[in-house]
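Report on the structure given below.
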Amino acid sequence: MTSPTSDTFTINGDRLWQSLMDLADIGAYDDERTGLRGVNRLALTDADAAGRRQVIAWMEQAGLAVRVDRMGNIYGRREGTDPAAAPVLTGSHIDSVATAGAFDGCLGVLGGIEVVRTLDERGITTRRPIEVAVFTEEEGVRFGTDMLGSAVAAGRLTLRSARALTDRDGLTLGAELARTGFDGPTDVRLAPPHAYVECHIEQGPVLADHDVEIGVVTGVQGISWQKITLHGRAAHAGTTPTRLRADAGLAAAQIVVRLRALVDSGEYGDLRATVGHLVVHPGLTNIVPARAELTVDLRNPDDVQMTRAEEALAAFLRELEGGGPGLSVTTRQMARTAHVPFDEGVQKVVAQAADDHGLAHISLLSGAGHDAQEIAALCPTAMIFVRGEYGGISHNPREYSTPQACAHGVDVLATTLVRLADQD
Ligand code: HGY
Ligand code: MN
Ligand code: MN
């Protein structure tokens, strides 16, 4: 083990863990499938708002100057000795999916606050300010586009289009920001930080397979989300001969099967495809479905292969439309991001910090999307992954990282942030 240098910091792991568990109590529910306590804190719901208020309270207790922007993004700032210097930014999200665990996003936000507490306790000052961010609607599962707050902060999406997005009940993001009190006053476009480093659980099996706790993340794979609506014709389940049917439910099922066939063909690189939402209307036993709505989530590390997969799906939809009387298809692109590589220099700082903490690490591409992929458009960016247990399962209440792994990940974050904050 290399001996830690003077700028190698260890944080208070117990305090970090307690804050993770306390935040997980906000929006907690009893998950019948797993028998575990899950977290359901969709963006800008009352639960998310309560979580935001708790995080702001922790930020203020840690002496951070807090501001909220027009997208509800929250930033806590720790001044540096040179307040005019571009800050080093860290953070993540605390909005969750509906069946979440305690770690996704929260580790990055609470880890950033823990770093600040530790630096204050040690009396450490940095030249550059350090800021901790909480980005709005990273999951995208309520308003339909992921990494939403960070995408607007970085300028990929406009504030106007983002605030007009609606949830399944027709509520706009702008109205929900106002209702929850997070329609902040500050401008949403983020001045380019000096660098951005996000600590996050891996949400997959790779670190555990390699028996290491720390991942130095090289980038994020491409993401394509679309909503497909199949328009058929309601008809009597008993009297309607098969040849006369325009069965939207059948067409939806054929899409699910075709997507798996595209993946299994191996002809589209390391493609992953998920139909996470599928409903048929009117949804009654004795009526041939008139309409079916489904979402398609495609992931691919190779942008060319991603486009080919999207084209193959589009060709299949045209085939379905031409396949029988009365069936039509409409699609809407919900989200689309290319593979985003992270900065080599920042990755080196992370790897060196892990080495100085005597922590084995590997480099890997992120399977999940993260706010870091948006902030990478503004400044040199990288991520620190923390190993997950149980196969790295995530978006499931079984999501789990050990107290030690979380503490080690935030130790690496602390050391990385201080070293970046003292760069010229
Ligand atoms: O969808 C994702 O990859 C992330 O969890 N928002
Ligand atoms: Mn996340
Ligand atoms: Mn997630």
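In the structure tokens, chains take the letters A, B, ... in the order shown, each chain's residues start at 1, and ligands count up from 1 in the order shown.
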- Task: Enumerate, as an MDAnalysis selection string, the complete set of residues in region 83-222 of chain A that a backbone-based DSSP assignment places in strand (DSSP E).
- Result: chainID A and resid 88:92 130:134 195:201 214:220 222
What are the closest atom pairs, with distances in Å to one decimal, for each residue of chain A lying within 10 Å of ligand 3, using only C-alpha atoms and all ligand atoms, rows by chain and rising residue number, as a Markdown table?
| residue | atom | partner | partner_atom_place_in_ligand_line | distance |
| --- | --- | --- | --- | --- |
| A:His93 | CA | ligand 3 | 1 (Mn) | 8.9 |
| A:Ile94 | CA | ligand 3 | 1 (Mn) | 9.5 |
| A:Asp95 | CA | ligand 3 | 1 (Mn) | 8.6 |
| A:Ser96 | CA | ligand 3 | 1 (Mn) | 6.5 |
| A:Val97 | CA | ligand 3 | 1 (Mn) | 6.5 |
| A:Ala100 | CA | ligand 3 | 1 (Mn) | 8.0 |
| A:Gly101 | CA | ligand 3 | 1 (Mn) | 9.6 |
| A:Phe103 | CA | ligand 3 | 1 (Mn) | 9.3 |
| A:Asp104 | CA | ligand 3 | 1 (Mn) | 5.7 |
| A:Gly105 | CA | ligand 3 | 1 (Mn) | 7.0 |
| A:Glu138 | CA | ligand 3 | 1 (Mn) | 7.4 |
| A:Glu139 | CA | ligand 3 | 1 (Mn) | 5.4 |
| A:Gly140 | CA | ligand 3 | 1 (Mn) | 8.9 |
| A:Val141 | CA | ligand 3 | 1 (Mn) | 9.3 |
| A:Asp146 | CA | ligand 3 | 1 (Mn) | 9.2 |
| A:Met147 | CA | ligand 3 | 1 (Mn) | 9.8 |
| A:His200 | CA | ligand 3 | 1 (Mn) | 9.8 |
| A:Ile201 | CA | ligand 3 | 1 (Mn) | 9.6 |
| A:Gln203 | CA | ligand 3 | 1 (Mn) | 8.2 |
| A:Ala368 | CA | ligand 3 | 1 (Mn) | 7.2 |
| A:Gly369 | CA | ligand 3 | 1 (Mn) | 7.6 |
| A:His370 | CA | ligand 3 | 1 (Mn) | 7.9 |
| A:Ser394 | CA | ligand 3 | 1 (Mn) | 7.5 |
| A:His395 | CA | ligand 3 | 1 (Mn) | 6.2 |
| A:Asn396 | CA | ligand 3 | 1 (Mn) | 9.8 |
- Distance criterion (only C-alpha atoms): nearest to Leu298 (chain A) out of A:Ala314, A:Val279, A:Leu230, A:Val263: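 Using only C-alpha atoms, the shortest distance to Leu298 (chain A) belongs to A:Val263.
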- Taking only C-alpha atoms and all ligand atoms into account, which of A:Leu16, A:Thr81, A:Phe135, A:Ala195 comes nearest ligand 2? A:Phe135
Counting only C-alpha atoms, which residues of region 124-215 of chain A fall within 6 Å of region 377-389 of chain A, and what is the closest atom pair for each with its distance in Å at one decimal, ordered by chain and rising number, as a tab-separated table?
residue	atom	partner	partner_atom	distance
A:Pro192	CA	A:Leu378	CA	5.1
A:Ala195	CA	A:Pro380	CA	4.9
A:Tyr196	CA	A:Thr381	CA	4.7
A:Val197	CA	A:Ala382	CA	5.2
A:Glu198	CA	A:Met383	CA	4.7
A:Cys199	CA	A:Ile384	CA	4.6
A:His200	CA	A:Phe385	CA	5.2
A:Ile201	CA	A:Val386	CA	4.6
A:Glu202	CA	A:Phe385	CA	5.1
A:Leu207	CA	A:Arg387	CA	5.5
A:Glu213	CA	A:Arg387	CA	4.9
A:Ile214	CA	A:Val386	CA	5.2
A:Gly215	CA	A:Phe385	CA	4.5
Those residues you just picked out, can you put them in a file as a CSV table (one decimal), in the first residue's frame with N, CA, C and O atoms?
chain,number,residue,atom,x,y,z
A,192,PRO,N,-19.0,27.4,-16.8
A,192,PRO,CA,-18.1,26.2,-16.8
A,192,PRO,C,-17.2,26.1,-15.5
A,192,PRO,O,-16.5,27.0,-15.2
A,195,ALA,N,-13.6,21.7,-13.2
A,195,ALA,CA,-13.7,20.2,-13.5
A,195,ALA,C,-14.9,19.7,-12.7
A,195,ALA,O,-15.4,20.4,-11.8
A,196,TYR,N,-15.4,18.6,-13.1
A,196,TYR,CA,-16.6,17.9,-12.5
A,196,TYR,C,-16.2,16.5,-12.2
A,196,TYR,O,-15.7,15.8,-13.1
A,197,VAL,N,-16.4,16.0,-11.0
A,197,VAL,CA,-16.2,14.6,-10.6
A,197,VAL,C,-17.5,14.1,-9.8
A,197,VAL,O,-17.9,14.8,-8.9
A,198,GLU,N,-18.0,13.1,-10.3
A,198,GLU,CA,-19.3,12.5,-9.7
A,198,GLU,C,-19.0,11.1,-9.2
A,198,GLU,O,-18.4,10.3,-9.9
A,199,CYS,N,-19.3,10.9,-7.9
A,199,CYS,CA,-19.2,9.6,-7.3
A,199,CYS,C,-20.5,8.9,-7.4
A,199,CYS,O,-21.6,9.5,-7.0
A,200,HIS,N,-20.6,7.7,-7.8
A,200,HIS,CA,-21.9,7.0,-8.1
A,200,HIS,C,-21.7,5.5,-7.9
A,200,HIS,O,-20.6,5.0,-8.1
A,201,ILE,N,-22.7,4.8,-7.5
A,201,ILE,CA,-22.6,3.4,-7.5
A,201,ILE,C,-22.6,2.9,-8.9
A,201,ILE,O,-23.1,3.5,-9.8
A,202,GLU,N,-21.9,1.8,-9.1
A,202,GLU,CA,-21.7,1.2,-10.5
A,202,GLU,C,-23.1,0.8,-11.1
A,202,GLU,O,-23.3,1.0,-12.3
A,207,LEU,N,-17.4,-4.3,-11.2
A,207,LEU,CA,-16.4,-4.1,-10.2
A,207,LEU,C,-16.3,-5.3,-9.3
A,207,LEU,O,-15.2,-5.8,-8.9
A,213,GLU,N,-13.1,-2.3,-5.4
A,213,GLU,CA,-14.2,-1.5,-4.9
A,213,GLU,C,-14.4,-0.2,-5.7
A,213,GLU,O,-15.4,0.4,-5.7
A,214,ILE,N,-13.3,0.2,-6.5
A,214,ILE,CA,-13.3,1.5,-7.1
A,214,ILE,C,-13.2,1.4,-8.6
A,214,ILE,O,-12.4,0.6,-9.2
A,215,GLY,N,-14.1,2.1,-9.3
A,215,GLY,CA,-14.0,2.2,-10.8
A,215,GLY,C,-13.6,3.6,-11.2
A,215,GLY,O,-14.2,4.6,-10.7
- Message: Report as number ranges by chain all protein, DNA and RNA residues lying within 10 Å of region 39-52 of chain A, evaluated on only C-alpha atoms, omitting residues in the same chain fewer than 4 positions from it.
- Response: A: 22-31, 56-58, 72-74, 93-103, 134-143, 173-182, 395-397
Just the residues within 12 Å of Leu119 (chain A), please, counting only C-alpha atoms, with nothing from its chain fewer than 4 positions along; format it as a PDB file with N, CA and C atoms, in the first residue's frame.
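Contents of out.pdb, freshly written:
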ATOM      1  N   ASP A   7      -2.074  15.280   1.049  1.00  0.00           N
ATOM      2  CA  ASP A   7      -3.399  15.680   0.510  1.00  0.00           C
ATOM      3  C   ASP A   7      -4.215  14.440   0.175  1.00  0.00           C
ATOM      4  N   THR A   8      -4.096  13.445   1.052  1.00  0.00           N
ATOM      5  CA  THR A   8      -4.930  12.246   0.912  1.00  0.00           C
ATOM      6  C   THR A   8      -5.893  12.244   2.086  1.00  0.00           C
ATOM      7  N   PHE A   9      -7.183  12.377   1.794  1.00  0.00           N
ATOM      8  CA  PHE A   9      -8.146  12.597   2.874  1.00  0.00           C
ATOM      9  C   PHE A   9      -9.075  11.410   3.057  1.00  0.00           C
ATOM     10  N   THR A  10      -9.335  11.077   4.317  1.00  0.00           N
ATOM     11  CA  THR A  10     -10.380  10.076   4.585  1.00  0.00           C
ATOM     12  C   THR A  10     -11.532  10.787   5.287  1.00  0.00           C
ATOM     13  N   ILE A  11     -12.706  10.434   4.863  1.00  0.00           N
ATOM     14  CA  ILE A  11     -13.909  11.102   5.391  1.00  0.00           C
ATOM     15  C   ILE A  11     -14.481  10.295   6.557  1.00  0.00           C
ATOM     16  N   ASN A  12     -15.558  10.796   7.147  1.00  0.00           N
ATOM     17  CA  ASN A  12     -16.217  10.108   8.260  1.00  0.00           C
ATOM     18  C   ASN A  12     -17.263   9.167   7.679  1.00  0.00           C
ATOM     19  N   ALA A  62     -23.406  22.440   6.834  1.00  0.00           N
ATOM     20  CA  ALA A  62     -21.990  22.266   6.468  1.00  0.00           C
ATOM     21  C   ALA A  62     -21.377  23.586   6.009  1.00  0.00           C
ATOM     22  N   GLY A  63     -22.148  24.674   6.143  1.00  0.00           N
ATOM     23  CA  GLY A  63     -21.585  25.989   5.847  1.00  0.00           C
ATOM     24  C   GLY A  63     -21.604  26.364   4.380  1.00  0.00           C
ATOM     25  N   ARG A  78     -18.731  26.069  -1.381  1.00  0.00           N
ATOM     26  CA  ARG A  78     -17.717  26.286  -0.340  1.00  0.00           C
ATOM     27  C   ARG A  78     -16.664  27.188  -0.944  1.00  0.00           C
ATOM     28  N   GLU A  79     -16.477  28.348  -0.398  1.00  0.00           N
ATOM     29  CA  GLU A  79     -15.560  29.329  -0.984  1.00  0.00           C
ATOM     30  C   GLU A  79     -14.118  28.825  -0.982  1.00  0.00           C
ATOM     31  N   GLY A  80     -13.379  29.321  -1.964  1.00  0.00           N
ATOM     32  CA  GLY A  80     -11.943  29.043  -1.975  1.00  0.00           C
ATOM     33  C   GLY A  80     -11.190  30.311  -1.632  1.00  0.00           C
ATOM     34  N   GLY A 112     -20.482  14.410  -1.570  1.00  0.00           N
ATOM     35  CA  GLY A 112     -19.935  15.768  -1.739  1.00  0.00           C
ATOM     36  C   GLY A 112     -20.066  16.584  -0.472  1.00  0.00           C
ATOM     37  N   ILE A 113     -21.209  16.458   0.198  1.00  0.00           N
ATOM     38  CA  ILE A 113     -21.401  17.214   1.449  1.00  0.00           C
ATOM     39  C   ILE A 113     -20.449  16.686   2.528  1.00  0.00           C
ATOM     40  N   GLU A 114     -20.249  15.371   2.552  1.00  0.00           N
ATOM     41  CA  GLU A 114     -19.321  14.780   3.537  1.00  0.00           C
ATOM     42  C   GLU A 114     -17.893  15.248   3.304  1.00  0.00           C
ATOM     43  N   VAL A 115     -17.505  15.406   2.060  1.00  0.00           N
ATOM     44  CA  VAL A 115     -16.164  15.940   1.757  1.00  0.00           C
ATOM     45  C   VAL A 115     -16.032  17.333   2.364  1.00  0.00           C
ATOM     46  N   GLY A 123      -9.773  21.917   8.756  1.00  0.00           N
ATOM     47  CA  GLY A 123      -9.265  23.269   8.545  1.00  0.00           C
ATOM     48  C   GLY A 123      -8.548  23.419   7.209  1.00  0.00           C
ATOM     49  N   ILE A 124      -8.982  22.625   6.243  1.00  0.00           N
ATOM     50  CA  ILE A 124      -8.347  22.647   4.921  1.00  0.00           C
ATOM     51  C   ILE A 124      -9.010  23.717   4.052  1.00  0.00           C
ATOM     52  N   THR A 125      -8.192  24.567   3.456  1.00  0.00           N
ATOM     53  CA  THR A 125      -8.736  25.519   2.479  1.00  0.00           C
ATOM     54  C   THR A 125      -8.214  25.106   1.102  1.00  0.00           C
ATOM     55  N   THR A 126      -8.987  25.470   0.080  1.00  0.00           N
ATOM     56  CA  THR A 126      -8.552  25.177  -1.290  1.00  0.00           C
ATOM     57  C   THR A 126      -8.534  26.484  -2.072  1.00  0.00           C
ATOM     58  N   ILE A 130     -15.320  24.897  -4.032  1.00  0.00           N
ATOM     59  CA  ILE A 130     -15.874  23.566  -4.316  1.00  0.00           C
ATOM     60  C   ILE A 130     -17.386  23.686  -4.251  1.00  0.00           C
ATOM     61  N   ASP A 411     -13.700   8.764   0.038  1.00  0.00           N
ATOM     62  CA  ASP A 411     -12.291   9.109   0.319  1.00  0.00           C
ATOM     63  C   ASP A 411     -11.597   9.515  -0.986  1.00  0.00           C
ATOM     64  N   ALA A 414     -12.858  12.872  -2.113  1.00  0.00           N
ATOM     65  CA  ALA A 414     -12.304  13.986  -1.313  1.00  0.00           C
ATOM     66  C   ALA A 414     -10.904  14.344  -1.812  1.00  0.00           C
ATOM     67  N   THR A 415     -10.068  13.333  -1.948  1.00  0.00           N
ATOM     68  CA  THR A 415      -8.689  13.562  -2.377  1.00  0.00           C
ATOM     69  C   THR A 415      -8.656  14.132  -3.795  1.00  0.00           C
ATOM     70  N   LEU A 417     -11.054  15.886  -5.342  1.00  0.00           N
ATOM     71  CA  LEU A 417     -11.581  17.269  -5.376  1.00  0.00           C
ATOM     72  C   LEU A 417     -10.543  18.258  -4.865  1.00  0.00           C
ATOM     73  N   VAL A 418      -9.849  17.894  -3.781  1.00  0.00           N
ATOM     74  CA  VAL A 418      -8.846  18.830  -3.218  1.00  0.00           C
ATOM     75  C   VAL A 418      -7.721  19.046  -4.218  1.00  0.00           C
TER      76      VAL A 418
END
- Min atom-atom distance to Asp343 (chain A) from the set A:Ser366, A:Val217, A:Gly283, A:Val296, counting only C-alpha atoms, belongs to A:Val217
- Task: Report the distance between CA of Gln373 (chain A) and CA of Ala191 (chain A) in Å, rounded to one decimal place.
- Result: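 If I compute the distance from CA of Gln373 (chain A) to CA of Ala191 (chain A), I get 16.2 Å.
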- Point out the residue among A:Leu20, A:Ala273, A:Val116, A:Met71 with the least atom-to-atom distance to ligand 1, counting only C-alpha atoms and all ligand atoms.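 For ligand 1, the nearest of the candidates is A:Ala273.
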- Message: Based on the backbone DSSP call, show me all residues of region 87-290 of chain A assigned alpha helix (DSSP H), as a PyMOL selection string.
- Response: chain A and resi 106-122+148-154+159-164+173-180+206-209+248-265
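The coordinates place CA of Pro325 (chain A) at 25.2 Å from CA of Ala261 (chain A).
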- Message: Could you check the closest approach to Thr416 (chain A) for each of A:Gly238, A:Gly324, A:Gly345, A:Gly38 and tell me which residue wins, using only C-alpha atoms?
- Response: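 When distances to Thr416 (chain A) are compared using only C-alpha atoms, the smallest one comes from A:Gly345.
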- Query: With only C-alpha atoms as the atoms that count, which of A:Ser161, A:Gln226, A:Thr145, A:Gln254 lies nearest to Glu319 (chain A)?
  - Reply: A:Gln254
